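**Student:** So that we are looking at the same thing, I have put the structure below in structure tokens.
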Amino acid sequence: MKMICINCPKGCEMDVTVDGDRVTVVGNTCPKGEAYAKAEVTNPTRMVTGLVRVAGTRKPLPVKTRTPVPKPKIDAVLFALHQATVQLPVRIGDVIIPDVAETGVDIVATANM
Amino acid sequence: MKGDVLVVGAGVVGCSVARALSRYNLNVIVLEAGSDVAEGASKANSAIVHAGFDAKPGTNKAKFNVLGNRMFEDLCRELKVPFRRNGSLVLAFGAAEERALEELVEKAAKNGVPVEIIGQEELRRREPNVSPEATAALWAPTGGICCPYELTFRLAENAAANGVEFVFDAKVTAIEGDRRQSTAIDGDQPPLAGAWRLTAADGRVFEARAVVNCAGIHSDELNNLVSATKYAIAARRGEYLMLDKDEDGTFSATMFQVPSKMGKGILVSPTVDGTMIVGPTAEDIPDKEDRATTYEGLEKVKAGARRTYPNLPLGKVITEFSGLRAHETTVGDFILGEAPDAPGFFNAVGVESPGLTSAPAIGEWLAAQVAERLGASRKSPSIISKDVSWWPKAREMRPEDLAELVERDPSFGRVICRCEGVTEGEIRAAIRARVGARTLDGIKRRTRSGMGRCQGGFCTPRLIEILGSELGLPPEAFLLSRKTAPKELREQSSRLDGAAVTSVDVLVIGAGPAGLAAACAARDAGAKEVLVIERDDAPGGILQQCIHNGFGLHRFQEELTGPEYAQRYVDMARERGVRIVCGTMVMRLEGSGAVGGPEVTAMSPRGGLKVYRAKSVVLAMGCRERPRGALMTPGTRPAGVYTAGTVQRLVNMDGIMPGKRVVILGSGDIGLIMARRLTFSGAKVLACIEIMKKSSGLMRNVVQCLNDYDIPLLLSHTVTDVEGREHVTGVKVSKVDDRLQPIPGTEMHFDCDTLVLSCGLIPENELTRKAGIEMDPRTRGPKVDPKTMATSAPGIFAGGNVVRVYDLVDWVSRDSEIAGRNAAAYALGACF
């Protein structure tokens, strides 16, 4: 199957073959590409960046998942972000939601507010 | 509501009539269907004060054109609106058209308008950019240019200062007249006894003894409700292109071509604002509200304009628009005066070109007619107010006067619209005026904020903030009707603001990643005093709104979001003792100031106007997005069309969602990123439309922003029509052929409320150009030596998107560091 790596702006076009447990990747130019392709066919993940409501202001706080989360969990993560409201002040890296949507990954702030 | 006179329509004619009536002892009310003055033909026309050689002798058009033209100097001086008698030239191409010029000379003589014919040589001497195909021209020195909406607005202000009331959103739907007349006494004309009763669409009732019908394109309908003498107005659409201020000075006169039956042909003219206007077409259309531009129309404008100006630079187009002329089809002339069978009902029907020129004379004449009919006396001149709610325009002021003003009122030190240099003080004044702005368009027409080359891309979020705070209304109420939002955005700056510095080693313009990287590198290379001047209220530049990840893989070997990347540089700058001054706009850059060396003039609300002398300067102003106008997408011009960056700011920083069903035109990276963001925020993104055969954004963004969420990417497609009058209701999309022309029969339709444009970025080089630094037409940035990032001006370096548009911030930082290092070396005495 054809796949485009999303790790860096190069966007390597890769050919991925799955044969039972064996995944063969051709066309990547770095190890990250191979790891990405293998994850895509077994457990695809994505970083999620988003916004969280801030008490007392309309201006939202930008946040992210500390590490990538499984793709099927994105909706649940977004839902959790939508439900949350934070109190200021907040510093970059502060945990806003621990273990978001039971992914084991924390939501952390990406701006000082 | 009751008055003596009801003026229906607040265009330039209605406002001229109202102002003239305000000189009499009469209660005058102006009823306007739209929500502002000048919402019809007065906002969209050629902005020409015609000399009057063209009108058929003996007609009202000829008479009032010539009378009106003579009034313009005094009127514009009184109203404090710009007017320039730049003269008009009518070009003839070949012998047949030269004969047509002779006919114009005869007409001009009959109309009492001075003209002369000049030969090709003289024409070329006066207008070096004119087509060599033009063989002769008619010169009319009394032709002029003015700003039609500014004129209308000041007429209204002065009328209001003299007691005229303005009622908006009052579309007249019914009118009844009591036509009894009282008995004449001693042979005098009988004063009117009965009353006219007008009902608006929302049920409000207005009564008066006289009515003046200045309803423009709808003036026939109002007349036909009252009089047995029926008129019929055809909406004659004219489409235009507006070119950037770079084109100022290309032509000195207004350049006409030999006129035809449908109008005066395609003209090319300077405007009082320094832009260039090109158009109009002339096409009778069935729908009186259809102000859409069309593909065919714009092609006609281009072709027509090229006849006059073969090198017409389409890349300089900043917007296109259309206006509707009120063309009366039965008489073909202005119909002015009391309707024969409706005492007290006065008409100004069919006032099309030269309507703007004629308006002041029509106003005086009609007001005199009405006053006589009502037996009203003139007010004593001593009680007539000259006030026009004037406010100072920062961009036109001498630096010392501006400095003084900012000291008195700091809001004149906060630049909101950077393209046109419009300050917060001006915008607040426009809202607080007697007939004040209530909409984004109202602010735009009164102050020019949002009218420049970025077409509101940067200032729109700030404008809706000011409107919201002045009018005390929540943003949601405005979003759909082009009004808008709340305050609170700005308070959070000042923490980093340095003390006043007047002499520095290295001065950096812009505190985005480029500017901060340059500043850090300059410090590391030994520069002592490094100052960064930032327009926004906080450092970080556009990265602050880029909340997605993917930044810094090369520079920091980890993947960061935009605000995180920006914060790293802010912290690095702070650690190095770089001074950052926020909320400060650089107004001028001079390569060689009073004491040699570069000099920068900057303005801020608290600091006023300041001059900074630097040993070297780094330009790091970044880039801006191509606005809709530059894309020449035909269709209406409703609310709901934004550039991707504007949407990004609204959603990510201001917490405002612009719409629910979105189409994205262009597949630039910001557009792709916003497709995902809008999806995350609950909107349905229907499609991303790209005219080229492949995405202009990075493939990884196509994968993770479109494909992941099943958003279709339509390659080799473009938007061929934008629908909706108040707000976007849909777009038409067509496939294009190899020459990028739409293929008939491939149209598809999307119901949407928002169109997001992501069609490329352009380096922001106002300051650079004005400083006389050599530009590279290919990158649209300054020419630089890639080894040092030095520009053509000694001591001035440049880094980041101001030089060329990068696709990765890591490379912006890298190249800006080179600029910063070399700026420091220069400041320390190195030779370049």
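FYI, nothing fancy with the structure tokens labels: chains A, B, ... in order, residues from 1 per chain, ligands from 1 as they appear.
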Quick one: which residues from chain B are at most 7 Å off chain A, using only C-alpha atoms, as a list in words?
**Tutor:** Ile547, His548, Asn549, Thr561, Pro563, Glu564, Asn652, Met653, Asp654, Gly655, Phe680, Leu698, Met699 and Arg700 of chain B
**Student:** Could you give me, as a list in words, the residues within 8 Å of segment 97-102 of chain A, counting only C-alpha atoms and dropping anything in the same chain fewer than 4 positions from it?
**Tutor:**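 My list of contacting residues is Lys73, Ala76, Val77, Ala80, Asp106, Ile107 and Val108 of chain A.
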**Student:** Considering only C-alpha atoms, return as number ranges by chain whatever protein or nucleic-acid residues lie within 12 Å of Arg438 of chain B, sequence-local ones (same chain, fewer than 3 positions apart) excluded.
**Tutor:** B: 34-37, 168-169, 427-435, 441-446, 463-464, 466-473, 478, 481-485
**Student:** Atom CA of Thr142 of chain B to atom CA of Glu78 of chain B: how many Å, to one decimal?
**Tutor:**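 Going from atom CA of Thr142 of chain B over to atom CA of Glu78 of chain B covers 19.4 Å.
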**Student:** What is the atom CA of Arg209 of chain B to atom CA of Gly344 of chain B distance in Å?
**Tutor:**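 Computing the Euclidean distance for atom CA of Arg209 of chain B and atom CA of Gly344 of chain B yields 6.6 Å.
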**Student:** Point out the residue among B:Gly512, B:Phe750, B:Ala161, B:Val12 with the least atom-to-atom distance to Ser358 of chain B, counting only C-alpha atoms.
**Tutor:**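 Looking only at the distances to Ser358 of chain B, the closest residue turns out to be B:Val12.
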